Amino acid sequence: MSCHSQRSIQTHCPICLNIITKAIQLPCSHVLCDKCISTLKKLEHKDYILLELTGDNDSLDLTSCCPMCRYEFPLSEARHNPEYDEKIRATIGEEAFAQEVEEMRQEQTELEQHNVLVVGNVYKKIATDSRNSNKWTFFVKMLNANVEDYVKRVDILLHPTFRPSRISRTRAPFKIVRLGWGTFTIVCTVYFHDKWGMAPKRFEHRLSFSGCGSFAEYPLEFKARRDEDLGSMSGGVSQSASPQ
């Protein structure tokens with residue numbers, strides 16, 4: 001049974017206790033901030049992280065429970081309520097609301113400076129008469145930011161039975177979609193924009209046909225280089241350990 005609508009405006013998230021700047025309203029009428037509802041999805045559904053990275057999460061029929069009343073609901077029904085945002089803004093005042101937004105922006109900036117590169121694949125079994133019944137998407141993404149702000153090119157090396165077996169992606173999304181019958185190790189080299197002063201990095205990813213796929217996270221620290229430093233950057237490729 002759904003909870004009754006709240007009589008007063010809920011200005012703070014009941015989970016993190018921060019001022020809500022983007023209200024996500026649940027079918028039971030409880031309201032959470034967008035960061036906490038995102039965390040809830042990822043904690044309860046490991047595949048949600050993988051599919052969210054590739055934009056396929058709408059295809060999942062996942063349910064969750066409200067952390068306040070335990071009402072079970074489809075995640076697709078947890079939606080942003082812009083009108084509630086405006087009510088919070090009017091209740092706490094423009095200055096306090098703007099300050100909270102600025103603090104969140106600074107927090108996001110810090111996250112982007114210590115970001116995580118994600119390398120992995122999404123998998124789906126398809127109906128076909130061919131033995132190539134495994135559809136997979138290999139991708140390179142950033143966990144907390146837009147990948148195109150950091151990555152300028154990704155070179156991908158596939159099994160030699162694929163034609164072509166060498167692919168280069170020079171713009172986002174950095175991904176490829178293929179059909180196949182077996183797994184193998186994909187090797188990719190990631191090139192970053194010059195302003196970050198970071199040498200290219202090489203990664204290995206073993207295709208996974210289990211569940212929705214798999215991915216590995218690689219923490220990276222990004223610090224913008226001064227213009228005079230860009231000319232002295234090394235062009236070598238650094239090695240990164242492949243996930244076990």
# chains A, B, ... in the order shown; residues from 1 in each chain; ligands from 1
>>> residues_around(residues="Lys124 in chain A", least_positions_apart="3", cutoff="7 Å", atoms="only C-alpha atoms", output="PDB file with N, CA, C and O atoms, in the first residue's frame")
ATOM      1  N   ASN A 134      25.847 -14.688 -29.916  1.00  0.00           N
ATOM      2  CA  ASN A 134      26.214 -13.847 -28.778  1.00  0.00           C
ATOM      3  C   ASN A 134      26.483 -12.417 -29.250  1.00  0.00           C
ATOM      4  O   ASN A 134      27.441 -12.162 -29.973  1.00  0.00           O
ATOM      5  N   LYS A 135      25.618 -11.510 -28.844  1.00  0.00           N
ATOM      6  CA  LYS A 135      25.790 -10.101 -29.195  1.00  0.00           C
ATOM      7  C   LYS A 135      26.482  -9.395 -28.036  1.00  0.00           C
ATOM      8  O   LYS A 135      26.015  -9.435 -26.903  1.00  0.00           O
ATOM      9  N   TRP A 136      27.613  -8.758 -28.328  1.00  0.00           N
ATOM     10  CA  TRP A 136      28.338  -8.076 -27.268  1.00  0.00           C
ATOM     11  C   TRP A 136      28.744  -6.674 -27.691  1.00  0.00           C
ATOM     12  O   TRP A 136      28.950  -6.390 -28.865  1.00  0.00           O
ATOM     13  N   CYS A 212      24.916 -10.094 -17.636  1.00  0.00           N
ATOM     14  CA  CYS A 212      24.840  -8.986 -18.592  1.00  0.00           C
ATOM     15  C   CYS A 212      26.206  -8.591 -19.123  1.00  0.00           C
ATOM     16  O   CYS A 212      26.325  -7.670 -19.929  1.00  0.00           O
TER      17      CYS A 212
END
>>> residues_around(residues="Arg206 in chain A", least_positions_apart="5", cutoff="12 Å", atoms="only C-alpha atoms", output="list in words")
Val119, Gly120, Asn121, Val122, Trp136, Phe138, Leu158, His159, Gly182, Thr183, Phe184, Thr185, Ile186, Val187, Cys188, Gly213, Ser214, Phe215, Ala216, Ser242, Pro243 and Gln244 of chain A
>>> closest_residue(among="A:Leu50, A:Pro200, A:Thr39, A:Ile88", to="Glu100 in chain A", atoms="only C-alpha atoms")
A:Ile88
>>> residues_around(residues="Gln10 in chain A", least_positions_apart="5", cutoff="10 Å", atoms="only C-alpha atoms", output="NGL selection string")
:A and (19-20 or 23 or 30-32 or 84 or 87-88 or 91)
>>> atom_distance(atom1="CA of Val154 in chain A", atom2="CA of Val140 in chain A")
8.0 Å
>>> atom_distance(atom1="CA of Val151 in chain A", atom2="CA of Arg178 in chain A")
22.3 Å
>>> select_by_dssp(residues="range 122-151 of chain A", states="strand (DSSP E)", output="PDB file with N, CA and C atoms, in the first residue's frame")
ATOM      1  N   VAL A 122      29.045  -5.458 -22.510  1.00  0.00           N
ATOM      2  CA  VAL A 122      27.670  -5.862 -22.244  1.00  0.00           C
ATOM      3  C   VAL A 122      27.364  -7.049 -23.141  1.00  0.00           C
ATOM      4  N   TYR A 123      26.591  -8.002 -22.623  1.00  0.00           N
ATOM      5  CA  TYR A 123      26.319  -9.235 -23.369  1.00  0.00           C
ATOM      6  C   TYR A 123      24.822  -9.510 -23.440  1.00  0.00           C
ATOM      7  N   LYS A 124      24.401 -10.054 -24.596  1.00  0.00           N
ATOM      8  CA  LYS A 124      23.005 -10.461 -24.759  1.00  0.00           C
ATOM      9  C   LYS A 124      22.935 -11.631 -25.730  1.00  0.00           C
ATOM     10  N   LYS A 125      22.200 -12.670 -25.342  1.00  0.00           N
ATOM     11  CA  LYS A 125      21.982 -13.828 -26.209  1.00  0.00           C
ATOM     12  C   LYS A 125      20.844 -13.509 -27.167  1.00  0.00           C
ATOM     13  N   ASN A 134      25.847 -14.688 -29.916  1.00  0.00           N
ATOM     14  CA  ASN A 134      26.214 -13.847 -28.778  1.00  0.00           C
ATOM     15  C   ASN A 134      26.483 -12.417 -29.250  1.00  0.00           C
ATOM     16  N   LYS A 135      25.618 -11.510 -28.844  1.00  0.00           N
ATOM     17  CA  LYS A 135      25.790 -10.101 -29.195  1.00  0.00           C
ATOM     18  C   LYS A 135      26.482  -9.395 -28.036  1.00  0.00           C
ATOM     19  N   TRP A 136      27.613  -8.758 -28.328  1.00  0.00           N
ATOM     20  CA  TRP A 136      28.338  -8.076 -27.268  1.00  0.00           C
ATOM     21  C   TRP A 136      28.744  -6.674 -27.691  1.00  0.00           C
ATOM     22  N   THR A 137      28.814  -5.811 -26.699  1.00  0.00           N
ATOM     23  CA  THR A 137      29.247  -4.427 -26.896  1.00  0.00           C
ATOM     24  C   THR A 137      30.451  -4.174 -26.004  1.00  0.00           C
ATOM     25  N   PHE A 138      31.580  -3.897 -26.614  1.00  0.00           N
ATOM     26  CA  PHE A 138      32.779  -3.529 -25.857  1.00  0.00           C
ATOM     27  C   PHE A 138      32.801  -2.011 -25.723  1.00  0.00           C
ATOM     28  N   PHE A 139      33.142  -1.508 -24.525  1.00  0.00           N
ATOM     29  CA  PHE A 139      33.084  -0.063 -24.314  1.00  0.00           C
ATOM     30  C   PHE A 139      34.208   0.425 -23.410  1.00  0.00           C
ATOM     31  N   VAL A 140      34.519   1.705 -23.561  1.00  0.00           N
ATOM     32  CA  VAL A 140      35.412   2.439 -22.661  1.00  0.00           C
ATOM     33  C   VAL A 140      34.657   3.680 -22.221  1.00  0.00           C
ATOM     34  N   LYS A 141      34.457   3.836 -20.911  1.00  0.00           N
ATOM     35  CA  LYS A 141      33.675   4.943 -20.369  1.00  0.00           C
ATOM     36  C   LYS A 141      34.389   5.532 -19.159  1.00  0.00           C
ATOM     37  N   MET A 142      33.889   6.695 -18.708  1.00  0.00           N
ATOM     38  CA  MET A 142      34.313   7.269 -17.435  1.00  0.00           C
ATOM     39  C   MET A 142      33.164   7.107 -16.453  1.00  0.00           C
ATOM     40  N   VAL A 151      39.050  11.455 -22.963  1.00  0.00           N
ATOM     41  CA  VAL A 151      39.594  10.523 -23.952  1.00  0.00           C
ATOM     42  C   VAL A 151      39.397  11.083 -25.356  1.00  0.00           C
TER      43      VAL A 151
END
>>> closest_residue(among="A:Asp85, A:Ile15, A:Lys201, A:Arg169", to="Pro67 in chain A", atoms="only C-alpha atoms")
A:Ile15
>>> atom_distance(atom1="CA of Gln25 in chain A", atom2="CA of Ile9 in chain A")
12.2 Å
>>> residues_around(residues="Asn18 in chain A", least_positions_apart="4", cutoff="12 Å", atoms="only C-alpha atoms", output="list in words")
Gln10, Thr11, His12, Cys13, Pro14, Lys22, Ala23, Leu32, Cys33, Asp34, Lys35, Cys36, Ala96, Phe97, Gln99, Glu100, Val101, Glu103 and Met104 of chain A
>>> decode(residues="range 191-207 of chain A", atoms="all heavy atoms", output="JSON list (two decimals), in the first residue's frame")
[["chain", "number", "residue", "atom", "x", "y", "z"],
["A", 191, "TYR", "N", 43.91, 6.85, -25.59],
["A", 191, "TYR", "CA", 44.68, 8.08, -25.73],
["A", 191, "TYR", "C", 43.88, 9.23, -25.12],
["A", 191, "TYR", "O", 42.69, 9.39, -25.42],
["A", 191, "TYR", "CB", 44.97, 8.37, -27.20],
["A", 191, "TYR", "CG", 45.84, 7.32, -27.86],
["A", 191, "TYR", "CD1", 45.27, 6.14, -28.35],
["A", 191, "TYR", "CD2", 47.21, 7.50, -27.99],
["A", 191, "TYR", "CE1", 46.05, 5.17, -28.95],
["A", 191, "TYR", "CE2", 48.00, 6.53, -28.60],
["A", 191, "TYR", "CZ", 47.41, 5.37, -29.07],
["A", 191, "TYR", "OH", 48.19, 4.41, -29.67],
["A", 192, "PHE", "N", 44.54, 10.04, -24.30],
["A", 192, "PHE", "CA", 43.88, 11.13, -23.60],
["A", 192, "PHE", "C", 44.18, 12.47, -24.26],
["A", 192, "PHE", "O", 45.19, 12.62, -24.97],
["A", 192, "PHE", "CB", 44.33, 11.15, -22.14],
["A", 192, "PHE", "CG", 44.07, 9.86, -21.42],
["A", 192, "PHE", "CD1", 45.05, 8.87, -21.36],
["A", 192, "PHE", "CD2", 42.84, 9.60, -20.82],
["A", 192, "PHE", "CE1", 44.81, 7.66, -20.72],
["A", 192, "PHE", "CE2", 42.59, 8.40, -20.18],
["A", 192, "PHE", "CZ", 43.58, 7.43, -20.13],
["A", 193, "HIS", "N", 43.31, 13.45, -24.02],
["A", 193, "HIS", "CA", 43.55, 14.79, -24.54],
["A", 193, "HIS", "C", 44.85, 15.35, -23.98],
["A", 193, "HIS", "O", 45.21, 15.10, -22.82],
["A", 193, "HIS", "CB", 42.38, 15.72, -24.19],
["A", 193, "HIS", "CG", 41.12, 15.40, -24.93],
["A", 193, "HIS", "ND1", 41.03, 15.47, -26.30],
["A", 193, "HIS", "CD2", 39.89, 15.00, -24.48],
["A", 193, "HIS", "CE1", 39.80, 15.13, -26.68],
["A", 193, "HIS", "NE2", 39.09, 14.84, -25.60],
["A", 194, "ASP", "N", 45.55, 16.12, -24.79],
["A", 194, "ASP", "CA", 46.87, 16.63, -24.43],
["A", 194, "ASP", "C", 46.87, 17.42, -23.12],
["A", 194, "ASP", "O", 47.84, 17.39, -22.37],
["A", 194, "ASP", "CB", 47.43, 17.51, -25.55],
["A", 194, "ASP", "CG", 47.74, 16.70, -26.81],
["A", 194, "ASP", "OD1", 47.80, 15.46, -26.70],
["A", 194, "ASP", "OD2", 47.90, 17.32, -27.88],
["A", 195, "LYS", "N", 45.78, 18.12, -22.85],
["A", 195, "LYS", "CA", 45.76, 19.00, -21.67],
["A", 195, "LYS", "C", 45.92, 18.25, -20.36],
["A", 195, "LYS", "O", 46.28, 18.84, -19.34],
["A", 195, "LYS", "CB", 44.47, 19.82, -21.64],
["A", 195, "LYS", "CG", 43.21, 19.02, -21.36],
["A", 195, "LYS", "CD", 42.00, 19.94, -21.26],
["A", 195, "LYS", "CE", 40.72, 19.16, -20.96],
["A", 195, "LYS", "NZ", 39.56, 20.06, -20.81],
["A", 196, "TRP", "N", 45.66, 16.92, -20.36],
["A", 196, "TRP", "CA", 45.77, 16.14, -19.13],
["A", 196, "TRP", "C", 47.19, 15.64, -18.89],
["A", 196, "TRP", "O", 47.49, 15.13, -17.81],
["A", 196, "TRP", "CB", 44.79, 14.97, -19.15],
["A", 196, "TRP", "CG", 43.37, 15.41, -19.26],
["A", 196, "TRP", "CD1", 42.50, 15.16, -20.29],
["A", 196, "TRP", "CD2", 42.64, 16.21, -18.32],
["A", 196, "TRP", "NE1", 41.28, 15.75, -20.05],
["A", 196, "TRP", "CE2", 41.34, 16.40, -18.84],
["A", 196, "TRP", "CE3", 42.96, 16.78, -17.09],
["A", 196, "TRP", "CZ2", 40.36, 17.13, -18.18],
["A", 196, "TRP", "CZ3", 41.99, 17.51, -16.42],
["A", 196, "TRP", "CH2", 40.72, 17.68, -16.97],
["A", 197, "GLY", "N", 48.05, 15.74, -19.89],
["A", 197, "GLY", "CA", 49.43, 15.33, -19.69],
["A", 197, "GLY", "C", 49.58, 13.87, -19.32],
["A", 197, "GLY", "O", 50.47, 13.51, -18.55],
["A", 198, "MET", "N", 48.73, 13.02, -19.86],
["A", 198, "MET", "CA", 48.75, 11.60, -19.50],
["A", 198, "MET", "C", 49.10, 10.75, -20.72],
["A", 198, "MET", "O", 48.50, 10.91, -21.78],
["A", 198, "MET", "CB", 47.39, 11.19, -18.94],
["A", 198, "MET", "CG", 47.35, 9.78, -18.37],
["A", 198, "MET", "SD", 45.76, 9.40, -17.60],
["A", 198, "MET", "CE", 45.81, 10.51, -16.19],
["A", 199, "ALA", "N", 50.08, 9.88, -20.56],
["A", 199, "ALA", "CA", 50.48, 9.00, -21.66],
["A", 199, "ALA", "C", 49.38, 8.00, -21.96],
["A", 199, "ALA", "O", 48.57, 7.67, -21.09],
["A", 199, "ALA", "CB", 51.77, 8.27, -21.29],
["A", 200, "PRO", "N", 49.32, 7.49, -23.20],
["A", 200, "PRO", "CA", 48.33, 6.46, -23.54],
["A", 200, "PRO", "C", 48.47, 5.24, -22.63],
["A", 200, "PRO", "O", 49.56, 4.91, -22.17],
["A", 200, "PRO", "CB", 48.67, 6.11, -24.99],
["A", 200, "PRO", "CG", 49.38, 7.31, -25.52],
["A", 200, "PRO", "CD", 50.16, 7.86, -24.36],
["A", 201, "LYS", "N", 47.35, 4.59, -22.38],
["A", 201, "LYS", "CA", 47.35, 3.41, -21.50],
["A", 201, "LYS", "C", 46.75, 2.22, -22.23],
["A", 201, "LYS", "O", 45.77, 2.36, -22.97],
["A", 201, "LYS", "CB", 46.58, 3.70, -20.21],
["A", 201, "LYS", "CG", 47.26, 4.73, -19.31],
["A", 201, "LYS", "CD", 46.53, 4.88, -17.99],
["A", 201, "LYS", "CE", 47.23, 5.89, -17.09],
["A", 201, "LYS", "NZ", 48.56, 5.41, -16.68],
["A", 202, "ARG", "N", 47.32, 1.06, -21.98],
["A", 202, "ARG", "CA", 46.89, -0.18, -22.62],
["A", 202, "ARG", "C", 46.12, -1.04, -21.61],
["A", 202, "ARG", "O", 46.56, -1.22, -20.47],
["A", 202, "ARG", "CB", 48.11, -0.95, -23.14],
["A", 202, "ARG", "CG", 47.82, -2.27, -23.83],
["A", 202, "ARG", "CD", 49.13, -2.88, -24.30],
["A", 202, "ARG", "NE", 48.96, -4.14, -25.00],
["A", 202, "ARG", "CZ", 48.92, -5.32, -24.40],
["A", 202, "ARG", "NH1", 49.04, -5.41, -23.08],
["A", 202, "ARG", "NH2", 48.77, -6.43, -25.11],
["A", 203, "PHE", "N", 44.98, -1.56, -22.05],
["A", 203, "PHE", "CA", 44.14, -2.39, -21.18],
["A", 203, "PHE", "C", 43.78, -3.68, -21.89],
["A", 203, "PHE", "O", 43.66, -3.71, -23.12],
["A", 203, "PHE", "CB", 42.86, -1.65, -20.79],
["A", 203, "PHE", "CG", 43.08, -0.36, -20.07],
["A", 203, "PHE", "CD1", 43.14, 0.84, -20.78],
["A", 203, "PHE", "CD2", 43.24, -0.32, -18.69],
["A", 203, "PHE", "CE1", 43.35, 2.04, -20.13],
["A", 203, "PHE", "CE2", 43.46, 0.87, -18.03],
["A", 203, "PHE", "CZ", 43.52, 2.06, -18.75],
["A", 204, "GLU", "N", 43.57, -4.73, -21.12],
["A", 204, "GLU", "CA", 43.09, -6.00, -21.64],
["A", 204, "GLU", "C", 41.77, -6.35, -20.97],
["A", 204, "GLU", "O", 41.63, -6.20, -19.75],
["A", 204, "GLU", "CB", 44.11, -7.11, -21.41],
["A", 204, "GLU", "CG", 45.42, -6.91, -22.15],
["A", 204, "GLU", "CD", 46.38, -8.08, -21.96],
["A", 204, "GLU", "OE1", 45.99, -9.04, -21.24],
["A", 204, "GLU", "OE2", 47.48, -8.04, -22.51],
["A", 205, "HIS", "N", 40.82, -6.81, -21.77],
["A", 205, "HIS", "CA", 39.51, -7.20, -21.22],
["A", 205, "HIS", "C", 39.08, -8.52, -21.83],
["A", 205, "HIS", "O", 38.99, -8.66, -23.05],
["A", 205, "HIS", "CB", 38.46, -6.13, -21.51],
["A", 205, "HIS", "CG", 37.08, -6.55, -21.10],
["A", 205, "HIS", "ND1", 36.68, -6.61, -19.77],
["A", 205, "HIS", "CD2", 36.01, -6.95, -21.84],
["A", 205, "HIS", "CE1", 35.43, -7.02, -19.72],
["A", 205, "HIS", "NE2", 35.00, -7.24, -20.95],
["A", 206, "ARG", "N", 38.80, -9.49, -20.97],
["A", 206, "ARG", "CA", 38.30, -10.79, -21.42],
["A", 206, "ARG", "C", 36.79, -10.69, -21.58],
["A", 206, "ARG", "O", 36.07, -10.38, -20.62],
["A", 206, "ARG", "CB", 38.64, -11.88, -20.41],
["A", 206, "ARG", "CG", 38.22, -13.29, -20.84],
["A", 206, "ARG", "CD", 39.15, -13.82, -21.91],
["A", 206, "ARG", "NE", 38.72, -15.15, -22.38],
["A", 206, "ARG", "CZ", 39.37, -15.84, -23.30],
["A", 206, "ARG", "NH1", 40.49, -15.34, -23.83],
["A", 206, "ARG", "NH2", 38.94, -17.02, -23.69],
["A", 207, "LEU", "N", 36.30, -10.92, -22.80],
["A", 207, "LEU", "CA", 34.86, -10.88, -23.03],
["A", 207, "LEU", "C", 34.13, -11.81, -22.07],
["A", 207, "LEU", "O", 34.58, -12.93, -21.82],
["A", 207, "LEU", "CB", 34.54, -11.30, -24.46],
["A", 207, "LEU", "CG", 34.60, -10.25, -25.57],
["A", 207, "LEU", "CD1", 34.27, -10.89, -26.90],
["A", 207, "LEU", "CD2", 33.65, -9.10, -25.28]]
